[in-house]
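Undergrad: Below is one structure. I have some questions about it.
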Amino acid sequence: MLQLQTIRENKKEIILALGKRNIDAQTLLDNVLQLDEKRRTTQTQLDNVLAESNSLSKEIGALYKTGKAQEANVLKEKTVHLKEESKQLGEDLNAAAEELQNLLYQIPNAPHTSVRKGSSEEDNEEVFKEGDIPTLDTTALPHWELAKKYDIIDFELGVKIAGAGFPVYKGKGARLQRALIAYFLDKNTEAGYTEIQVPHLVNELSGYGTGQLPDKEGQMYHVTADDLYLIPTAEVPITNIFRDVIVNESDFPITYTGYTPCFRREAGSYGAHVRGLNRLHQFDKVEIVRVEHPTKSYEALDGMVEHVKNILRELKLPYRILRLCGGDLGFTAALTFDFEVFSTAQDRWLEISSVSNFETYQANRLKLRYKDENGKNQLAHTLNGSSLALPRVLAGILENYQTPEGIKIPDVLVPYCGFEMID
RNA sequence: GGAGAAAUGGCAGAGUGGUCGAAUGCGGCAGUCUUGAAAACUGUUGAGGGUCACACCUCCGGGGGUUCGAAUCCCUCUUUCUCCGCCA
């Protein structure tokens with residue numbers, strides 16, 4: 001969430017920035033500042049009452065020690081009304097703090113200056129495009145047909161076992177998935193990211209830490225018996241490693257990569273655009289996460305974008321990069337670049353990666369800080385990106401690499417697959 | 001799942017009702033000494049709120065209670081360890 005101090009000092013700028021998300025934050029921020037004021041005055045009042053009863057208690061203690069029980073009892077009576085007062089003030093304080101907290105949770109991150117105002121994905125800016133879109137002959141098929149033809153993904157079987165959106169990968173399809181995971185992890189490790197394996201279920205606190213809760217409650221699968229959530233992305237467990245952590249400035253950059261399945265309820269989406277691998281309840285993803293010094297985070301973001309570019313170049317897939325507009329930007333992000341691969345047989349772009357800088361928004365929730373050169377604790381910046389989400393990469397490969405003889409495996413994946421064709 | 005023990009500052013580890021935000025050691029930082037380093041010595045070293053700065057307030061796993069006063073007593077939850085059971 002946004003920092004109170006920042007809201008106090010830069011209210012105008014934040015209102016302007018949030019305007020790019022089409023949010024009129026004026027009253028919201030006024031309420032925040034008003035509540036903050038109330039919280040602080042209540043706190044001061046409470047502190048004074050507590051200070052008084054503390055000193056009375058000390059006096060009472062001293063009197064008892066010197067055997068002056070009578071005098072002590074007189075003082076004791078004085079503490080009665082102080083107690084009532086502090087109880088009331090404590091309740092007021094908690095109420096104000098909670099209300100303030102809830103309000104702050106409702107405010108999304110302020111977009112970066114480069115983010116354009118916009119209402120939907122229509123307004124996203126294409127900032128880069130690369131790779132040749134192959135010309136397919138008339139017999140070309142969408143990936144779900146190819147999956148069936150070569151018996152590498154069984155959607156119906158997934159329905160039987162779990163439900164729609166839970167595909168079963170078979171034979172060379174399963175092997176290709178495993179190859180992609182290994183390839184992505186290797187690329188990330190080569191680039192300096194430390195490979196890590198994390199839990200696939202997280203507690204409520206972790207959900208709040210990265211901002212999935214309370215905002216997107218319904219998008220995660222909730223295991224109510226144990227009050228755990230299935231992760232929608234590895235971002236949640238990996239970034240939460242740093243909840244309540246104070247790192248040294250010399251620890252930067254902190255970089256992790258991890259493979260996990262991702263679970264998303266995504267209720268209420270049906271139709272052709274969710275066919276096949278386009279949108280799933282469970283999918284695999286390799287994620288990269290960075291914790292950075294505030295002055296270095298945008299440089300790091302550019303580095304992550306370059307890194308993902310290189311992977312797509314090696315895979316020889318046609319792709320483009322979008323800078324998300326305010327309306328399409330995720331709740332917690334300040335700046336996001338989406339990568340989309342062209343799905344030739346469907347004649348549409350599919351999102352395969354999202355690379356974001358959250359600045360201090362998550363760090364503030366996580367209490368993720370570093371010690372600066374003056375020994376002061378400062379909030380760090382967090383970033384993450386997919387490198388990459390498997391199903392749509394798979395869809396892209398199947399569709400773009402199809403030939404009358406079968407599906408060719410991209411050169412870089414052949415060593416990982418152990419075969420050159422799916423036929 | 002059953003029985004028992006424990007949870008204190010970066011780490012180790014004292015502290016069982018008042019002067020304890022907390023001894024001591026290690027680690028970290030600064031200084032003295034040194035050509036430099038090490039050793040030794042001296043000082044310093046948790047977080048949050050609040051203030052121009054002080055003062056002051058909160059925090060000894062989480063929550064609640066007893067008391068004028070709680071790290072210390074009570075309840076509860078969580079976690080860890082030991083033993084037993086089960087198990088990939």
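Following the order of the structure tokens, chains are lettered A, B, ..., residues in each are numbered from 1, and ligands are numbered from 1.
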Pick out the residues sitting within 9 Å of Leu185 in chain A, and hand them over as a ChimeraX atom specification; count only C-alpha atoms (C1' of nucleotides), and ignore anything fewer than 3 positions along from it in its own chain.

TA: /A:180-182,188-190,193,195,257-259,286-287,387

Undergrad: Please dump the current selection as a short mmCIF file (atom, residue, chain, number, x, y, z; two decimals), in the first residue's frame; keep all heavy atoms.

TA:
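What landed in result.cif:
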```
data_model
loop_
_atom_site.label_atom_id
_atom_site.label_comp_id
_atom_site.auth_asym_id
_atom_site.auth_seq_id
_atom_site.Cartn_x
_atom_site.Cartn_y
_atom_site.Cartn_z
N LEU A 180 10.37 -27.12 -21.20
CA LEU A 180 10.24 -25.66 -21.09
C LEU A 180 10.60 -25.19 -19.69
O LEU A 180 11.31 -24.19 -19.52
CB LEU A 180 8.80 -25.24 -21.43
CG LEU A 180 8.46 -25.21 -22.93
CD1 LEU A 180 6.95 -25.09 -23.12
CD2 LEU A 180 9.16 -24.03 -23.62
N ILE A 181 10.12 -25.89 -18.67
CA ILE A 181 10.41 -25.52 -17.29
C ILE A 181 11.92 -25.53 -17.06
O ILE A 181 12.51 -24.58 -16.54
CB ILE A 181 9.70 -26.46 -16.30
CG1 ILE A 181 8.18 -26.27 -16.39
CG2 ILE A 181 10.19 -26.22 -14.87
CD1 ILE A 181 7.38 -27.40 -15.77
N ALA A 182 12.57 -26.62 -17.49
CA ALA A 182 14.01 -26.76 -17.29
C ALA A 182 14.76 -25.67 -18.05
O ALA A 182 15.70 -25.07 -17.53
CB ALA A 182 14.47 -28.15 -17.72
N ASN A 188 17.26 -18.45 -16.51
CA ASN A 188 17.20 -17.51 -15.38
C ASN A 188 18.42 -17.67 -14.46
O ASN A 188 18.96 -16.69 -13.97
CB ASN A 188 15.91 -17.73 -14.58
CG ASN A 188 14.68 -17.41 -15.41
OD1 ASN A 188 14.78 -16.78 -16.46
ND2 ASN A 188 13.53 -17.85 -14.95
N THR A 189 18.81 -18.92 -14.26
CA THR A 189 19.98 -19.18 -13.42
C THR A 189 21.24 -18.59 -14.05
O THR A 189 22.05 -17.96 -13.37
CB THR A 189 20.14 -20.68 -13.19
OG1 THR A 189 18.90 -21.21 -12.75
CG2 THR A 189 21.19 -20.96 -12.13
N GLU A 190 21.35 -18.78 -15.37
CA GLU A 190 22.49 -18.19 -16.10
C GLU A 190 22.54 -16.68 -15.92
O GLU A 190 23.61 -16.08 -15.87
CB GLU A 190 22.36 -18.47 -17.61
CG GLU A 190 22.92 -19.79 -18.07
CD GLU A 190 22.47 -20.09 -19.50
OE1 GLU A 190 22.36 -19.12 -20.31
OE2 GLU A 190 22.19 -21.27 -19.79
N TYR A 193 19.87 -15.43 -11.41
CA TYR A 193 18.79 -15.66 -10.46
C TYR A 193 19.02 -16.97 -9.71
O TYR A 193 19.44 -17.96 -10.31
CB TYR A 193 17.44 -15.73 -11.19
CG TYR A 193 17.01 -14.41 -11.77
CD1 TYR A 193 17.39 -14.04 -13.06
CD2 TYR A 193 16.23 -13.53 -11.04
CE1 TYR A 193 17.01 -12.83 -13.61
CE2 TYR A 193 15.84 -12.31 -11.58
CZ TYR A 193 16.23 -11.96 -12.86
OH TYR A 193 15.85 -10.76 -13.39
N GLU A 195 17.82 -20.25 -8.03
CA GLU A 195 16.64 -21.11 -8.14
C GLU A 195 16.13 -21.47 -6.75
O GLU A 195 16.90 -21.73 -5.83
CB GLU A 195 17.00 -22.39 -8.91
CG GLU A 195 15.79 -23.24 -9.21
CD GLU A 195 16.14 -24.41 -10.13
OE1 GLU A 195 17.16 -24.34 -10.83
OE2 GLU A 195 15.37 -25.39 -10.12
N THR A 257 14.49 -17.15 -8.80
CA THR A 257 13.61 -17.71 -9.82
C THR A 257 13.03 -19.01 -9.29
O THR A 257 13.71 -19.75 -8.58
CB THR A 257 14.33 -17.96 -11.15
OG1 THR A 257 13.37 -18.44 -12.10
CG2 THR A 257 15.46 -18.98 -11.02
N GLY A 258 11.78 -19.24 -9.60
CA GLY A 258 11.15 -20.47 -9.12
C GLY A 258 10.07 -20.94 -10.07
O GLY A 258 9.40 -20.14 -10.72
N TYR A 259 9.98 -22.26 -10.16
CA TYR A 259 8.89 -22.85 -10.93
C TYR A 259 7.79 -23.28 -9.97
O TYR A 259 8.09 -23.88 -8.93
CB TYR A 259 9.39 -24.08 -11.71
CG TYR A 259 8.29 -25.09 -11.94
CD1 TYR A 259 7.27 -24.82 -12.85
CD2 TYR A 259 8.22 -26.27 -11.20
CE1 TYR A 259 6.22 -25.70 -13.03
CE2 TYR A 259 7.18 -27.15 -11.36
CZ TYR A 259 6.18 -26.87 -12.27
OH TYR A 259 5.13 -27.74 -12.43
N VAL A 286 7.23 -20.21 -14.63
CA VAL A 286 8.53 -19.93 -14.01
C VAL A 286 8.58 -18.43 -13.80
O VAL A 286 8.33 -17.65 -14.72
CB VAL A 286 9.69 -20.42 -14.90
CG1 VAL A 286 11.03 -20.01 -14.28
CG2 VAL A 286 9.64 -21.93 -15.07
N GLU A 287 8.90 -18.05 -12.58
CA GLU A 287 8.82 -16.65 -12.20
C GLU A 287 10.20 -16.12 -11.82
O GLU A 287 11.05 -16.87 -11.34
CB GLU A 287 7.87 -16.54 -10.99
CG GLU A 287 7.52 -15.14 -10.56
CD GLU A 287 6.44 -14.49 -11.41
OE1 GLU A 287 6.00 -15.11 -12.40
OE2 GLU A 287 6.04 -13.36 -11.09
N SER A 387 8.82 -15.72 -16.53
CA SER A 387 9.79 -16.11 -17.57
C SER A 387 9.82 -17.63 -17.67
O SER A 387 10.76 -18.23 -17.26
CB SER A 387 11.16 -15.56 -17.26
OG SER A 387 11.72 -16.27 -16.18
#
```

Undergrad: Quick one: pick out all alpha helix (DSSP H) residues within range 257-370 of chain A from a backbone DSSP run and write them as a list in words.

TA: Ser297, Tyr298, Glu299, Ala300, Leu301, Asp302, Gly303, Met304, Val305, Glu306, His307, Val308, Lys309, Asn310, Ile311, Leu312, Arg313, Glu314, Leu315, Tyr361, Gln362, Ala363, Asn364, Arg365 and Leu366 of chain A

Undergrad: Using only C-alpha atoms (C1' of nucleotides), I'd like every residue of chain A that has an atom within 12 Å of chain B; please write them out as a PyMOL selection string.

TA: chain A and resi 39-65+69+71-83+86+90+93+97+244-248+367+369+373-377

Undergrad: Select, from A:Thr66, A:Thr210, A:Ser353, A:Gln378, the residue with the minimum atom-to-atom distance to Leu312 in chain A, counting only C-alpha atoms.

TA: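 With only C-alpha atoms as the atom set, the closest residue is A:Ser353.
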
Undergrad: Could you tell me how far C1' of C26 in chain B sits from C1' of G13 in chain B, in Å to one decimal place?

TA: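 Taking C1' of G13 in chain B and C1' of C26 in chain B, their separation equals 10.6 Å.
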